[in-house]
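Below: entry.cif (mmCIF, C-alpha atoms and all ligand atoms)
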data_my_file
#
loop_
_atom_site.label_atom_id
_atom_site.label_comp_id
_atom_site.auth_asym_id
_atom_site.auth_seq_id
_atom_site.Cartn_x
_atom_site.Cartn_y
_atom_site.Cartn_z
CA MET V 15 0.00 0.00 0.00
CA ARG V 16 1.33 3.47 -0.88
CA ARG V 17 2.35 5.98 1.81
CA GLY V 18 1.05 9.49 1.29
CA ARG V 19 0.64 12.55 3.45
CA SER V 20 0.66 12.05 7.22
CA GLY V 21 -2.57 10.96 8.88
CA VAL V 22 -2.05 13.66 11.49
CA ALA V 23 -2.12 16.23 8.69
CA ALA V 24 -5.19 14.49 7.27
CA ILE V 25 -7.07 15.06 10.55
CA GLY V 26 -6.58 18.74 9.92
CA ARG V 27 -7.23 21.53 12.39
CA GLY V 28 -6.05 22.02 15.97
CA LEU V 29 -2.58 20.55 16.14
CA GLY V 30 -0.65 20.51 19.42
CA ARG V 31 3.08 19.88 19.79
CA VAL V 32 4.95 17.26 21.79
CA GLN V 33 8.52 16.06 22.15
CA GLY V 34 8.42 12.68 20.40
CA GLU V 35 11.28 10.64 18.93
CA GLY V 36 14.65 12.09 19.90
CA ALA V 37 14.57 15.86 19.89
CA LYS V 38 12.06 16.02 17.02
CA VAL V 39 8.91 18.04 17.68
CA THR V 40 5.85 16.08 16.56
CA GLU V 41 2.38 17.43 15.95
CA LEU V 42 -0.53 16.01 17.93
CA PRO V 43 -4.15 15.98 16.78
CA ARG V 44 -6.09 17.86 19.49
CA ASP V 45 -9.58 17.88 18.10
CA LEU V 46 -10.54 14.19 18.24
CA PRO V 47 -13.83 13.74 20.11
CA ARG V 48 -13.67 12.18 23.61
CA ASP V 49 -16.04 9.44 24.77
CA SER V 50 -17.26 10.28 28.28
CA ARG V 51 -17.37 6.55 29.22
CA HIS V 52 -13.84 5.83 28.08
CA ASP V 53 -10.84 8.14 27.68
CA PRO V 54 -8.28 6.25 25.55
CA VAL V 55 -4.83 6.59 27.07
CA LEU V 56 -2.08 8.22 24.92
CA ARG V 57 -4.43 8.21 21.93
CA GLU V 58 -2.96 11.26 20.17
CA GLU V 59 0.59 10.03 20.77
CA VAL V 60 -0.31 6.63 19.29
CA ILE V 61 -1.74 8.30 16.17
CA VAL V 62 1.49 10.28 15.79
CA ALA V 63 3.58 7.10 16.13
CA LEU V 64 1.45 5.36 13.48
CA ALA V 65 1.87 8.23 10.97
CA ILE V 66 -1.22 7.01 9.14
CA ALA V 67 -1.58 7.89 5.45
CA SER V 68 -5.09 7.98 4.05
CA GLY V 69 -6.08 4.61 2.58
CA GLU V 70 -3.59 2.59 4.61
CA ARG V 71 -4.65 -0.63 6.34
CA HIS V 72 -4.14 -0.65 10.13
CA VAL V 73 -4.82 -3.21 12.85
CA ASP V 74 -6.17 -2.18 16.25
CA ALA V 75 -5.32 -5.37 18.15
CA THR V 76 -7.25 -4.30 21.29
CA PHE V 77 -10.51 -2.72 20.14
CA GLY V 78 -12.07 -2.22 23.62
CA ALA V 79 -14.47 0.73 23.38
CA GLY V 80 -13.04 1.64 19.97
CA GLY V 81 -11.22 4.83 21.04
CA TYR V 82 -8.07 4.13 19.02
CA THR V 83 -10.07 2.71 16.11
CA ARG V 84 -12.12 5.93 15.84
CA ALA V 85 -8.91 7.96 15.74
CA MET V 86 -7.43 5.68 13.06
CA LEU V 87 -10.61 6.01 10.98
CA SER V 88 -10.48 9.81 11.40
CA ALA V 89 -6.93 9.69 10.03
CA GLY V 90 -8.22 7.96 6.89
CA ALA V 91 -7.20 4.37 7.61
CA GLU V 92 -9.03 1.17 6.81
CA VAL V 93 -9.11 -0.60 10.20
CA ILE V 94 -9.22 -4.24 11.16
CA ALA V 95 -9.85 -4.37 14.90
CA CYS V 96 -9.72 -7.38 17.17
CA ASP V 97 -10.83 -8.11 20.73
CA ARG V 98 -11.09 -11.35 22.71
CA ASP V 99 -14.10 -10.02 24.63
CA PRO V 100 -17.38 -10.84 22.83
CA ASP V 101 -19.06 -7.85 24.54
CA ALA V 102 -16.55 -5.42 22.98
CA ILE V 103 -17.24 -6.91 19.54
CA ALA V 104 -21.02 -6.73 20.04
CA GLU V 105 -20.87 -3.10 21.22
CA GLY V 106 -18.60 -2.20 18.29
CA GLN V 107 -21.18 -3.11 15.65
CA ALA V 108 -22.61 0.42 15.71
CA LEU V 109 -19.18 1.78 14.76
CA VAL V 110 -18.88 -0.80 11.97
CA ALA V 111 -22.15 0.55 10.55
CA GLU V 112 -20.93 4.16 10.88
CA ALA V 113 -17.56 3.45 9.26
CA GLY V 114 -19.00 2.82 5.79
CA GLY V 115 -17.04 -0.33 4.99
CA ARG V 116 -13.72 0.88 6.46
CA LEU V 117 -13.93 -1.16 9.69
CA THR V 118 -13.84 -4.94 10.17
CA LEU V 119 -14.24 -6.32 13.70
CA ILE V 120 -12.77 -9.70 14.57
CA HIS V 121 -13.48 -11.68 17.72
CA GLY V 122 -10.23 -13.38 18.72
CA ARG V 123 -6.88 -13.21 20.49
CA PHE V 124 -4.20 -10.90 19.17
CA GLY V 125 -1.63 -13.65 19.87
CA GLU V 126 -2.88 -15.16 16.63
CA ILE V 127 -3.61 -11.97 14.72
CA ASP V 128 -1.60 -13.15 11.70
CA ARG V 129 -3.84 -16.23 11.37
CA LEU V 130 -7.01 -14.15 11.88
CA LEU V 131 -5.90 -11.79 9.10
CA ALA V 132 -4.81 -14.62 6.78
CA GLU V 133 -8.29 -16.17 7.12
CA ARG V 134 -9.58 -12.90 5.63
CA GLY V 135 -7.03 -12.91 2.81
CA ILE V 136 -4.75 -10.27 4.39
CA ASP V 137 -1.04 -11.02 4.65
CA ALA V 138 0.46 -7.56 5.27
CA VAL V 139 -0.64 -4.36 7.02
CA ASP V 140 0.73 -0.81 7.38
CA GLY V 141 0.43 -0.59 11.16
CA ILE V 142 -0.54 -2.52 14.26
CA THR V 143 -1.35 -1.16 17.69
CA PHE V 144 -1.72 -2.82 21.08
CA ASP V 145 -3.28 -1.14 24.15
CA ILE V 146 -2.62 -3.83 26.72
CA GLY V 147 -4.84 -4.70 29.68
CA VAL V 148 -8.51 -4.28 30.57
CA SER V 149 -10.89 -1.63 29.30
CA SER V 150 -12.81 0.75 31.55
CA MET V 151 -15.99 -0.98 30.31
CA GLN V 152 -14.72 -4.27 31.73
CA ILE V 153 -13.58 -2.74 35.03
CA ASP V 154 -16.75 -0.69 35.48
CA GLN V 155 -19.09 -3.69 35.28
CA GLY V 156 -19.08 -5.46 38.64
CA ALA V 157 -20.55 -8.55 36.95
CA ARG V 158 -17.29 -9.08 35.00
CA GLY V 159 -15.44 -9.59 38.28
CA PHE V 160 -12.38 -7.39 37.56
CA SER V 161 -13.02 -4.76 40.23
CA PHE V 162 -12.23 -4.78 43.94
CA GLN V 163 -14.50 -1.73 44.30
CA LYS V 164 -17.65 -3.31 42.88
CA ASP V 165 -18.84 -6.61 44.27
CA GLY V 166 -19.52 -9.30 41.68
CA PRO V 167 -18.71 -12.89 40.76
CA LEU V 168 -14.97 -13.61 40.98
CA ASP V 169 -14.59 -14.02 37.21
CA MET V 170 -11.95 -11.78 35.49
CA ARG V 171 -12.08 -13.61 32.13
CA MET V 172 -11.80 -11.18 29.21
CA ALA V 173 -12.91 -13.85 26.72
CA GLN V 174 -15.74 -15.04 29.03
CA GLU V 175 -14.54 -18.64 28.70
CA GLY V 176 -12.02 -20.94 30.40
CA GLU V 177 -11.03 -21.03 34.07
CA SER V 178 -12.38 -18.15 36.16
CA ALA V 179 -10.49 -16.41 38.97
CA ALA V 180 -12.68 -18.25 41.51
CA ASP V 181 -11.99 -21.64 39.87
CA TRP V 182 -8.24 -21.01 40.02
CA LEU V 183 -8.04 -19.45 43.49
CA ASN V 184 -10.13 -22.28 44.96
CA ARG V 185 -7.88 -25.03 43.55
CA ALA V 186 -4.34 -23.58 43.25
CA ASP V 187 -1.44 -24.32 45.61
CA GLU V 188 -0.66 -21.57 48.09
CA ALA V 189 2.89 -21.29 46.67
CA ASP V 190 1.57 -20.82 43.11
CA ILE V 191 -0.84 -18.10 44.24
CA ALA V 192 2.01 -16.36 46.06
CA ASP V 193 4.22 -16.55 42.94
CA VAL V 194 1.52 -14.97 40.76
CA LEU V 195 0.91 -12.16 43.27
CA TYR V 196 4.62 -11.46 43.54
CA HIS V 197 5.57 -11.60 39.85
CA TYR V 198 2.50 -10.07 38.22
CA GLY V 199 1.41 -7.68 40.98
CA ASP V 200 4.73 -6.75 42.64
CA GLU V 201 3.02 -7.71 45.91
CA ARG V 202 5.84 -7.87 48.45
CA GLN V 203 3.66 -9.60 51.02
CA SER V 204 2.52 -12.23 48.53
CA ARG V 205 2.98 -15.18 50.90
CA ARG V 206 0.87 -13.57 53.59
CA VAL V 207 -1.91 -12.78 51.11
CA ALA V 208 -1.78 -16.27 49.55
CA ARG V 209 -2.04 -17.86 53.02
CA ALA V 210 -5.10 -15.77 53.84
CA ILE V 211 -6.74 -16.64 50.49
CA VAL V 212 -6.23 -20.37 51.04
CA ALA V 213 -7.60 -20.13 54.59
CA ALA V 214 -10.74 -18.33 53.37
CA ARG V 215 -11.63 -20.80 50.56
CA PRO V 216 -14.01 -21.28 48.86
CA LEU V 217 -14.23 -17.72 47.52
CA SER V 218 -16.86 -16.72 44.98
CA ARG V 219 -17.19 -12.88 45.05
CA THR V 220 -14.77 -10.03 44.34
CA GLY V 221 -15.95 -8.34 47.55
CA GLU V 222 -14.95 -11.39 49.62
CA LEU V 223 -11.51 -11.53 48.02
CA ALA V 224 -10.91 -7.81 48.57
CA THR V 225 -11.89 -8.15 52.24
CA VAL V 226 -9.53 -11.14 52.73
CA ILE V 227 -6.62 -9.19 51.16
CA ARG V 228 -7.32 -6.01 53.15
CA LYS V 229 -7.43 -8.00 56.41
CA ALA V 230 -4.25 -9.89 55.57
CA LEU V 231 -2.45 -6.60 54.92
CA ARG V 232 -4.07 -4.89 57.96
CA HIS V 233 -5.55 -2.14 55.83
CA PRO V 234 -7.13 0.58 57.96
CA PRO V 235 -10.65 1.35 56.64
CA GLY V 236 -10.65 4.61 54.64
CA ALA V 237 -6.87 4.59 53.99
CA PRO V 238 -6.21 6.07 50.57
CA LYS V 239 -4.61 3.26 48.54
CA ASP V 240 -6.50 -0.02 48.52
CA PRO V 241 -4.01 -2.88 49.00
CA SER V 242 -6.10 -5.27 46.90
CA THR V 243 -5.13 -3.35 43.72
CA LYS V 244 -1.91 -5.31 43.19
CA SER V 245 -3.39 -8.75 43.85
CA PHE V 246 -6.40 -8.12 41.60
CA GLN V 247 -4.09 -7.03 38.78
CA ALA V 248 -1.87 -10.10 39.27
CA ILE V 249 -4.77 -12.57 39.29
CA ARG V 250 -6.25 -10.95 36.17
CA ILE V 251 -2.93 -11.15 34.29
CA HIS V 252 -2.62 -14.82 35.25
CA ILE V 253 -6.21 -15.81 34.40
CA ASN V 254 -5.98 -14.24 30.94
CA GLY V 255 -2.42 -15.42 30.19
CA GLU V 256 -1.68 -11.78 29.37
CA LEU V 257 2.11 -11.95 29.25
CA ASP V 258 2.17 -14.98 26.95
CA GLU V 259 -0.40 -13.23 24.76
CA LEU V 260 1.74 -10.11 24.58
CA THR V 261 4.82 -12.14 23.59
CA GLN V 262 2.85 -13.98 20.91
CA GLY V 263 1.17 -10.77 19.73
CA LEU V 264 4.51 -8.99 19.19
CA ALA V 265 5.86 -11.93 17.19
CA ALA V 266 2.64 -12.04 15.13
CA ALA V 267 2.91 -8.28 14.51
CA GLU V 268 6.44 -8.78 13.22
CA ARG V 269 5.08 -11.33 10.74
CA VAL V 270 2.22 -9.18 9.38
CA LEU V 271 3.81 -5.74 9.19
CA ARG V 272 5.00 -4.79 5.73
CA PRO V 273 8.43 -3.14 5.33
CA GLY V 274 7.95 0.43 6.63
CA GLY V 275 4.92 -0.64 8.73
CA ARG V 276 4.59 0.82 12.23
CA LEU V 277 4.20 -0.98 15.57
CA ALA V 278 2.84 0.92 18.60
CA VAL V 279 2.36 -0.65 22.03
CA VAL V 280 0.87 0.96 25.14
CA SER V 281 1.39 -0.97 28.36
CA PHE V 282 0.52 -0.29 31.99
CA HIS V 283 2.73 -2.59 34.02
CA SER V 284 6.52 -2.79 34.35
CA THR V 285 6.64 -6.49 33.39
CA GLU V 286 4.64 -5.84 30.21
CA ASP V 287 6.78 -2.84 29.35
CA ARG V 288 9.95 -4.91 29.86
CA ILE V 289 8.67 -7.51 27.39
CA VAL V 290 7.98 -4.80 24.79
CA LYS V 291 11.30 -3.03 25.44
CA ASN V 292 13.31 -6.27 25.19
CA PHE V 293 11.46 -7.34 22.04
CA LEU V 294 12.17 -4.05 20.26
CA ARG V 295 15.76 -3.90 21.50
CA GLU V 296 16.42 -7.45 20.34
CA ARG V 297 14.62 -7.14 17.01
CA SER V 298 16.28 -3.81 16.18
CA GLY V 299 19.72 -5.32 16.57
CA GLY V 300 20.47 -4.21 20.13
CA ASP V 301 21.16 -6.78 22.84
CA ALA V 302 18.05 -7.51 24.91
CA GLY V 303 20.49 -8.26 27.76
CA GLY V 304 21.05 -11.47 29.71
CA SER V 305 19.48 -12.10 33.11
CA ARG V 306 19.32 -14.63 35.93
CA HIS V 307 16.45 -16.29 34.05
CA ARG V 308 17.91 -15.94 30.58
CA PRO V 309 21.61 -16.29 29.91
CA VAL V 310 23.00 -14.32 26.95
CA SER V 311 22.13 -16.21 23.74
CA ASN V 312 24.78 -17.83 21.52
CA ALA V 313 22.32 -17.98 18.61
CA PRO V 314 23.63 -16.68 15.26
CA ALA V 315 22.98 -12.96 14.62
CA ARG V 316 19.81 -12.28 12.61
CA ALA V 317 18.91 -9.26 10.50
CA ALA V 318 17.02 -6.55 12.40
CA THR V 319 13.28 -6.66 11.73
CA PHE V 320 12.68 -3.21 13.27
CA GLY V 321 14.51 0.08 13.02
CA PRO V 322 15.77 1.80 16.18
CA PRO V 323 12.81 2.10 18.59
CA ALA V 324 11.45 5.61 19.15
CA ARG V 325 12.05 7.10 22.58
CA LYS V 326 9.37 5.87 24.97
CA VAL V 327 6.43 8.25 25.46
CA ARG V 328 4.65 8.89 28.75
CA PRO V 329 1.35 10.73 29.25
CA SER V 330 1.41 14.50 29.70
CA LYS V 331 0.67 15.96 33.13
CA ALA V 332 -2.66 17.16 31.74
CA GLU V 333 -3.63 13.62 30.67
CA GLU V 334 -2.57 12.18 34.05
CA ALA V 335 -4.69 14.78 35.83
CA ARG V 336 -7.69 14.10 33.60
CA ASN V 337 -7.33 10.31 33.61
CA PRO V 338 -5.59 8.70 36.63
CA ARG V 339 -5.44 5.34 34.78
CA ALA V 340 -2.93 6.95 32.39
CA ARG V 341 -0.32 7.41 35.13
CA SER V 342 1.37 4.04 34.62
CA ALA V 343 1.16 4.02 30.81
CA THR V 344 4.14 3.81 28.46
CA LEU V 345 4.07 3.92 24.65
CA ARG V 346 6.82 2.24 22.65
CA SER V 347 6.97 2.18 18.87
CA ALA V 348 9.20 1.21 15.97
CA VAL V 349 9.16 0.84 12.19
CA ARG V 350 9.42 -2.56 10.46
CA THR V 351 12.38 -3.22 8.18
CA ALA V 352 12.31 -5.52 5.15
CA ALA V 353 14.13 -8.38 6.95
CA PRO V 354 12.24 -11.66 7.32
CA ALA V 355 10.46 -12.25 10.65
CA TRP V 356 12.44 -14.29 13.18
CA PRO V 357 11.24 -17.84 13.69
CA GLY V 358 9.47 -18.77 16.95
CA HIS V 359 9.06 -16.41 19.86
CA SER V 360 12.78 -15.95 20.42
CA ILE V 361 14.41 -15.27 23.75
CA ILE V 362 12.00 -12.78 25.25
CA LYS V 363 9.54 -15.48 26.33
CA GLU V 364 12.13 -16.88 28.71
CA SER V 365 12.53 -13.50 30.43
CA MET V 366 9.12 -14.00 32.05
CA SER V 367 9.51 -15.94 35.21
CA CYS V 368 6.06 -17.06 36.32
C1 LIG Y 401 -7.17 -1.17 27.37
S1 LIG Y 401 -8.48 -1.86 26.46
C2 LIG Y 401 -8.33 -1.11 24.89
C3 LIG Y 401 -9.02 0.19 24.80
C4 LIG Y 401 -9.01 0.75 23.39
N1 LIG Y 401 -7.68 1.16 22.96
C5 LIG Y 401 -9.94 1.94 23.29
O1 LIG Y 401 -9.46 3.03 22.95
O2 LIG Y 401 -11.12 1.81 23.53
C6 LIG Y 401 -7.88 -3.46 26.13
C7 LIG Y 401 -8.83 -4.34 25.32
O3 LIG Y 401 -8.05 -5.39 24.77
C8 LIG Y 401 -8.72 -6.59 24.90
N2 LIG Y 401 -7.69 -7.62 24.98
C9 LIG Y 401 -6.82 -7.86 25.98
N3 LIG Y 401 -6.03 -8.88 25.68
C10 LIG Y 401 -6.39 -9.29 24.43
C11 LIG Y 401 -5.91 -10.31 23.56
N4 LIG Y 401 -4.92 -11.12 23.92
N5 LIG Y 401 -6.48 -10.44 22.36
C12 LIG Y 401 -7.50 -9.61 21.98
N6 LIG Y 401 -8.00 -8.64 22.77
C13 LIG Y 401 -7.44 -8.48 23.98
C14 LIG Y 401 -9.54 -6.47 26.16
O4 LIG Y 401 -10.65 -7.35 26.11
C15 LIG Y 401 -9.93 -5.00 26.14
O5 LIG Y 401 -11.18 -4.83 25.51
#
What is this file in structure tokens?
Amino acid sequence: MRRGRSGVAAIGRGLGRVQGEGAKVTELPRDLPRDSRHDPVLREEVIVALAIASGERHVDATFGAGGYTRAMLSAGAEVIACDRDPDAIAEGQALVAEAGGRLTLIHGRFGEIDRLLAERGIDAVDGITFDIGVSSMQIDQGARGFSFQKDGPLDMRMAQEGESAADWLNRADEADIADVLYHYGDERQSRRVARAIVAARPLSRTGELATVIRKALRHPPGAPKDPSTKSFQAIRIHINGELDELTQGLAAAERVLRPGGRLAVVSFHSTEDRIVKNFLRERSGGDAGGSRHRPVSNAPARAATFGPPARKVRPSKAEEARNPRARSATLRSAVRTAAPAWPGHSIIKESMSC
């Protein structure tokens, strides 16, 4: 597909300015409409990183409430958007109708996005974007079981199938629960929390779990930061296999991006960001670095599949003030080279320790 004028220019009026890659000043689209239910994090910065030209084909790998997809459509792209949550796909049908044939919604996991695209006769795209984690729609509905603030069934399954959080917590070994809390939630008192969970079984409601965690961590009622935050995040990441999905999704993106295609990834957790950073460092020819879990590889050098990654982008102070969820977000991006995709998932998978 041909590249033309920048998608940011195509959006037109009201351009802001931000320090993007290196010292370059990049223009931000300021006049995209905001959805009151869902404020997409780093949306303008993602659109800048994608540098969409009108008529290009882009993948939104995490459709959610469609915030990024709307911005991509406004920039003139044809969008193929994917989500593993059937509710997101059902709610997105109105946007499909509005988009006049420029939006295709796919229900599925982004870890197999290359297969999902191939089934529709697409083998290369101009851009692919990931906005990792849960959507505000999922968090806000107590019945989905993601929230420690809203009582509901202890579910947490984005795809609404497979083992629920209650199923797992009620059967898992105490040591395994502690490992998940420690590695995916940075919960320093993971053993104490895991012991309390096992003692309180069976658990079936998010409210019960939150109470068990607060008691275990001696949380004074009304104290500002709820200590269940970390454990809920960790259990959710485990139940949805989120880190494996991210690893597979990055490798799939490498396979479907055409030479010159852009990859943009927004993540909210240090472990996720490390996976993205190591992937881009490795695939752009830098050393992803050895670790206790992953000795330095002796594998033969391969051609870089991405150019040098752009400097990471963090939300502005204004966005953090408007949307507290943005505070932990990081955007990383890079441009695909013409080199063939590396086989398998490479070394980054082994850098995840749980
Ligand atoms: C943070 S939200 C995306 C919000 C979106 N950028 C927007 O502006 O509305 C993440 C979405 O990705 C979906 N998701 C998470 N992991 C996924 C995966 N492995 N495959 C497909 N969708 C996934 C979730 O169900 C959720 O709807």
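Considering all atoms listed in the file, the residue among V:Gly255, V:Gly358, V:Gly141, V:Gly80 positioned nearest to ligand LIG 401 (chain Y) is V:Gly80.
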Using all atoms listed in the file, which protein or nucleic acid residues are at most 6 Å from ligand LIG 401 (chain Y), as a PDB file with C-alpha atoms, in the frame of the given file?
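Below you can see pocket34.pdb, which holds the result:
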ATOM      1  CA  PRO V  54      -8.280   6.250  25.550  1.00  0.00           C
ATOM      2  CA  THR V  76      -7.250  -4.300  21.290  1.00  0.00           C
ATOM      3  CA  PHE V  77     -10.510  -2.720  20.140  1.00  0.00           C
ATOM      4  CA  GLY V  78     -12.070  -2.220  23.620  1.00  0.00           C
ATOM      5  CA  ALA V  79     -14.470   0.730  23.380  1.00  0.00           C
ATOM      6  CA  GLY V  80     -13.040   1.640  19.970  1.00  0.00           C
ATOM      7  CA  GLY V  81     -11.220   4.830  21.040  1.00  0.00           C
ATOM      8  CA  TYR V  82      -8.070   4.130  19.020  1.00  0.00           C
ATOM      9  CA  CYS V  96      -9.720  -7.380  17.170  1.00  0.00           C
ATOM     10  CA  ASP V  97     -10.830  -8.110  20.730  1.00  0.00           C
ATOM     11  CA  ARG V  98     -11.090 -11.350  22.710  1.00  0.00           C
ATOM     12  CA  ASP V  99     -14.100 -10.020  24.630  1.00  0.00           C
ATOM     13  CA  ALA V 102     -16.550  -5.420  22.980  1.00  0.00           C
ATOM     14  CA  GLY V 122     -10.230 -13.380  18.720  1.00  0.00           C
ATOM     15  CA  ARG V 123      -6.880 -13.210  20.490  1.00  0.00           C
ATOM     16  CA  PHE V 124      -4.200 -10.900  19.170  1.00  0.00           C
ATOM     17  CA  GLY V 125      -1.630 -13.650  19.870  1.00  0.00           C
ATOM     18  CA  ASP V 145      -3.280  -1.140  24.150  1.00  0.00           C
ATOM     19  CA  ILE V 146      -2.620  -3.830  26.720  1.00  0.00           C
ATOM     20  CA  GLY V 147      -4.840  -4.700  29.680  1.00  0.00           C
ATOM     21  CA  VAL V 148      -8.510  -4.280  30.570  1.00  0.00           C
ATOM     22  CA  SER V 149     -10.890  -1.630  29.300  1.00  0.00           C
ATOM     23  CA  MET V 172     -11.800 -11.180  29.210  1.00  0.00           C
ATOM     24  CA  GLU V 259      -0.400 -13.230  24.760  1.00  0.00           C
TER      25      GLU V 259
END
Would you compute, for all listed atoms of segment 340-355 of chain V, the axis-aligned bounding box grown by 3 Å on each side, and then report its centre and edge lengths in Å rounded to one decimal, as JSON?
{"center_x": 5.6, "center_y": -2.4, "center_z": 20.1, "size_x": 23.1, "size_y": 25.7, "size_z": 36.0}
Two-atom distance - atom CA of Arg276 of chain V, atom CA of Gly300 of chain V (Å) = 18.4 Å
Distance query 6 Å from (-3.4, -12.4, 46.1) using all atoms listed in the file, result as a list in words |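 Every residue inside that radius is included here: Leu195, Val207, Ala208 and Ser245 of chain V.
For the pair atom CA of Leu131 of chain V and atom CA of Ala91 of chain V, the interatomic distance is 16.3 Å.
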Could you give me, as a list in words, the residues within 7 Å of segment 215-223 of chain V, counting all atoms listed in the file and dropping anything in the same chain fewer than 4 positions from it?
-> Gly159, Ser161, Phe162, Asp165, Gly166, Pro167, Leu168, Ala180, Asn184, Ile211 and Ile227 of chain V
Contacts of His252 of chain V at 9 Å (all atoms listed in the file; same-chain gap of 5+ positions) as a PyMOL selection string | chain V and resi 179+194+198+247+257
